[in-house]
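The structure appears right after this line, and notes come after that.
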Amino acid sequence: MNIKRTKEEIKNTIEVYLKKDAYGNYEIPSIRQRPVFLLGSPGIGKTQIMEQISKECGIALAAYTITHHTRQSAIGLPFISKKQYGEKEYAVTEYTMSEIVASIYEKMEQTGLREGILFLDEINCVSETLAPAMLQFLQCKSFGNHKIPEGWVIVAAGNPPEYNKSVREFDVVTMDRVKKIEVEADFEVWKEYAYQQGLHGAVISYLNTKKQNFYQMETTVDGRNFATPRGWEDLSDFIRVYEQIGKKVDREVIVQYIQFPKIAKDFANYLELYEKYQADYQIEEIFQGHLDEILLKKIAHASFDERLSVLNLILSRVNEALKRAVEWEAYMERLQSYLLEYKELTMESSGELNGQQLFSNVYNKLNIDYTNKKKAELLRREEDKQYHKLFQAMERMEQTLRLEGIQERKAGFERVKELFAGENEKFERQQKKSAESLEYAFDFLEGAFGSSQEMVMFITELNSNYYSVKFLQDYDCERYDRYNQELLFDERRKKLLERLQ
């Protein structure tokens, strides 16, 4: 199962496990809620999707790597207590609360969320002394005599034995108490995620041409060589920041993340060409609407690899532009929702607060919404940036009302509406700029390649990118529609031929 379907299955499981009946009891009692066990090779995103799922489901997440625990930290430390049985008093061994169970209660206190996910990584690599406790945990949802709170779904992950010498095979008794999901690396699914996360264009374009290098494991006499999705994503972040500070990424840097020397060398060579083509083909000029006929002829007669590299440079620039447009739209929608609240407050006839004070209340509500989400650890990185942009806009509006001394409610709303119109002008300029980037890309591709396979690849990539799909839902691009229809027709024709054969 690929990571996208795995994520969907876990979210469905959470929805089922947390569904309550008319009396407030869970439809499936906690003891009957099988832990989800993800089994898959390292670096394919098992841990990362848990963070995404907790945010999307609005529940807490407590994550542990179980190999970091001893029996004592997992179960708790023993102590002697006195118990009265009948007429006699006995000394009884009890245990302090498990560090893992305690962390769940701490998470509930910190976030205010009563339901969540307990994620235990490398669960099949526990020590021999901890193994019996893990069986009890999977069976009874408890460590020692301390139960996992109701409303907490258990998800565990492990690697197959070929990737980890410490793996302990679970027996049938244990496996019969879990929901087992085998997770596999899938480049096409990862590519959707990579586009949405804004990974570096060179990484996405390289893997588009060398899909076999997306995930590789090789055992040699010198040890294990590997390239993983996690390695590519971390390398992408590093390349982006390196570019910002004006440093060059070479093979020695790449191999720190892509620990497969042959692939690291190949990507280093590609990255060098990627940067060279950016200058040679005047990518900046293309996106200002300037096409050089000599360069168009040059790329049209270049090798396939060179044409593909330039196409990917064009795609990368378009994707960045469309991403900015979609993010601006999301920001405007959220800003508008707060200003509509302000409008409703100003229209109320009762109340002693003036326009400035009412706006301050709405601004404070934004602050509270952000603080609550931040505290509950439910904010994605892009959403966090969006909130900071909202703070800046509403702070400017609040300062304007104060500096201009506008207190009357209606006048206050009218002034805020004017300021919002200014934000909307910026938004429309960004939308226009993003649309122009797309049109400039089509100008270049038609001039260089016409309706060839490069155009098909361009349309295919637009259709697999979250931001381009979202942008094109609202923007009427005649050339995209035309080429996309041709692509869909070709696909239908291929399928028909396959059936006939």
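Every chain in the structure tokens has a letter given in the order shown (A, B, ...), and although residue numbers restart at 1 in each chain, ligands are simply numbered from 1 in the order shown.
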
At a cut-off of 12 Å, using only C-alpha atoms, what residues contact Glu333 in chain A? Leave out same-chain residues fewer than 6 positions from it and give the result as a compact mmCIF listing (two decimals) with N, CA and C atoms, in the first residue's frame.
# COMPACT_ATOMS: atom_id res chain seq x y z
N VAL A 326 -2.18 30.67 -4.96
CA VAL A 326 -3.11 29.89 -4.14
C VAL A 326 -2.98 30.27 -2.67
N GLU A 327 -1.75 30.48 -2.20
CA GLU A 327 -1.54 30.88 -0.81
C GLU A 327 -2.12 32.27 -0.54
N LEU A 339 -12.95 40.03 8.91
CA LEU A 339 -13.52 41.35 8.67
C LEU A 339 -15.05 41.29 8.56
N LEU A 340 -15.59 40.16 8.11
CA LEU A 340 -17.04 39.98 8.11
C LEU A 340 -17.58 39.94 9.54
N GLN A 386 0.80 32.02 7.29
CA GLN A 386 -0.40 32.74 6.91
C GLN A 386 -0.96 33.55 8.07
N LEU A 390 -1.67 37.57 8.47
CA LEU A 390 -2.94 38.12 8.96
C LEU A 390 -2.70 39.12 10.09
N PHE A 420 -8.97 46.87 3.16
CA PHE A 420 -9.11 45.51 2.61
C PHE A 420 -9.04 45.55 1.09
N GLU A 423 -5.55 45.41 0.07
CA GLU A 423 -5.03 44.03 0.12
C GLU A 423 -5.51 43.24 -1.08
N ASN A 424 -6.77 43.52 -1.48
CA ASN A 424 -7.33 42.80 -2.62
C ASN A 424 -6.62 43.17 -3.91
N PHE A 427 -3.57 41.14 -4.04
CA PHE A 427 -3.96 39.78 -4.38
C PHE A 427 -4.18 39.65 -5.89

Practice problem: Any chance you could list, as number ranges by chain, the residues in range 180-352 of chain A that come up helix (DSSP H, G or I) when DSSP is run on the backbone? | Solution: A: 187-197, 201-209, 211-213, 229-244, 251-254, 261-280, 283-286, 293-300, 304-347

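Nearest residue to Arg479 in chain A, choosing from A:Tyr85, A:Phe458, A:Tyr467, A:Phe442 and counting only C-alpha atoms: A:Phe442.
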
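Of the residues listed (A:Gly450, A:Gly223, A:Gly151, A:Gly40), A:Gly151 shows the shortest atom-to-atom separation from Met108 in chain A; distances use only C-alpha atoms.
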
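Between CA of Ile80 in chain A and CA of Gln136 in chain A there is a distance of 22.4 Å.
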
Self-check item: Nearest to Arg334 in chain A by atom-to-atom distance, counting only C-alpha atoms, from A:Ile314, A:Ile104, A:Met394, A:Gly351
Solution: A:Met394

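Residues with any atom within 9 Å of Val416 in chain A, counting only C-alpha atoms and excluding same-chain neighbours fewer than 3 positions away, are Leu339, Met397, Glu398, Thr400, Leu401, Ala411, Gly412, Phe413, Leu419, Phe420 and Ala421 of chain A.
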
Export, as a PDB file, in the first residue's frame, the selected residues with C-alpha atoms.
ATOM      1  CA  LEU A 339     -13.519  41.347   8.665  1.00  0.00           C
ATOM      2  CA  MET A 397      -5.797  48.320  10.057  1.00  0.00           C
ATOM      3  CA  GLU A 398      -5.998  48.756  13.826  1.00  0.00           C
ATOM      4  CA  THR A 400      -4.932  53.254  10.967  1.00  0.00           C
ATOM      5  CA  LEU A 401      -8.190  53.485  12.956  1.00  0.00           C
ATOM      6  CA  ALA A 411     -16.989  55.009   9.602  1.00  0.00           C
ATOM      7  CA  GLY A 412     -14.623  52.465  11.128  1.00  0.00           C
ATOM      8  CA  PHE A 413     -15.980  49.665   8.965  1.00  0.00           C
ATOM      9  CA  LEU A 419      -7.810  48.954   3.555  1.00  0.00           C
ATOM     10  CA  PHE A 420      -9.114  45.513   2.609  1.00  0.00           C
ATOM     11  CA  ALA A 421      -9.553  46.749  -0.957  1.00  0.00           C
TER      12      ALA A 421
END

Mind dumping a table of every range 295-413 of chain A residue within 8 Å of range 265-287 of chain A, with the nearest atom pair and its distance in Å to one decimal, using only C-alpha atoms, sorted by chain and rising number, as a Markdown table?
| residue | atom | partner | partner_atom | distance |
| --- | --- | --- | --- | --- |
| A:Leu295 | CA | A:Tyr281 | CA | 6.4 |
| A:Ser309 | CA | A:Tyr274 | CA | 6.4 |
| A:Val310 | CA | A:Tyr277 | CA | 6.5 |
| A:Leu313 | CA | A:Gln278 | CA | 7.0 |
| A:Ile314 | CA | A:Ile283 | CA | 7.4 |

Those same residues, written as a tab-separated table (two decimals), in the first residue's frame with C-alpha atoms?
chain	number	residue	atom	x	y	z
A	295	LEU	CA	17.59	30.06	-27.93
A	309	SER	CA	16.11	19.78	-17.85
A	310	VAL	CA	14.96	23.07	-19.37
A	313	LEU	CA	13.21	24.60	-14.97
A	314	ILE	CA	10.13	26.11	-16.63

Exercise. May I ask for the distance between CA of Val126 in chain A and CA of Pro160 in chain A, given in Å to one decimal place?
Key: 13.7 Å

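Pairwise distance (CA of Ile254 in chain A, CA of Tyr242 in chain A) equals 11.9 Å.
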
Practice problem: Within 10 Å of Lys470 in chain A, counting only C-alpha atoms, which residues show up once you throw out same-chain ones fewer than 3 positions away? Write them as an NGL selection string, please. | Solution: :A and (322-323 or 325-326 or 463 or 465-467 or 473-475)

Please, could you write that set of residues out with N, CA and C atoms as a compact mmCIF listing (two decimals), in the first residue's frame?
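Saved to out_14.txt:
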# COMPACT_ATOMS: atom_id res chain seq x y z
N LEU A 322 2.32 29.71 -9.16
CA LEU A 322 0.95 29.27 -8.87
C LEU A 322 0.77 29.00 -7.38
N LYS A 323 1.81 28.51 -6.73
CA LYS A 323 1.76 28.28 -5.29
C LYS A 323 1.52 29.61 -4.55
N ALA A 325 0.06 32.24 -5.71
CA ALA A 325 -1.31 32.69 -5.99
C ALA A 325 -2.32 31.98 -5.09
N VAL A 326 -2.18 30.67 -4.96
CA VAL A 326 -3.11 29.89 -4.14
C VAL A 326 -2.98 30.27 -2.67
N ASN A 463 -1.17 18.70 -13.99
CA ASN A 463 -2.31 17.93 -13.48
C ASN A 463 -2.00 17.15 -12.21
N ASN A 465 -0.01 18.49 -9.76
CA ASN A 465 0.42 19.46 -8.75
C ASN A 465 -0.80 20.08 -8.08
N TYR A 466 -0.86 19.98 -6.77
CA TYR A 466 -2.00 20.51 -5.99
C TYR A 466 -2.26 21.98 -6.31
N TYR A 467 -1.20 22.79 -6.35
CA TYR A 467 -1.36 24.23 -6.53
C TYR A 467 -1.80 24.59 -7.95
N GLN A 473 -8.58 25.83 -11.54
CA GLN A 473 -10.03 25.71 -11.32
C GLN A 473 -10.72 27.07 -11.50
N ASP A 474 -9.98 28.14 -11.19
CA ASP A 474 -10.56 29.49 -11.27
C ASP A 474 -10.07 30.28 -12.47
N TYR A 475 -8.86 29.97 -12.94
CA TYR A 475 -8.28 30.74 -14.04
C TYR A 475 -8.57 30.03 -15.37

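Counting only C-alpha atoms and comparing A:Met97, A:Phe359, A:Met134, A:Ser464, the residue that lies closest to Ala194 in chain A is A:Ser464.
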
Exercise. List every residue of range 220-452 of chain A that DSSP, applied to the backbone, labels as strand (DSSP E), and write the result as a ChimeraX atom specification.
Key: /A:220,223-227
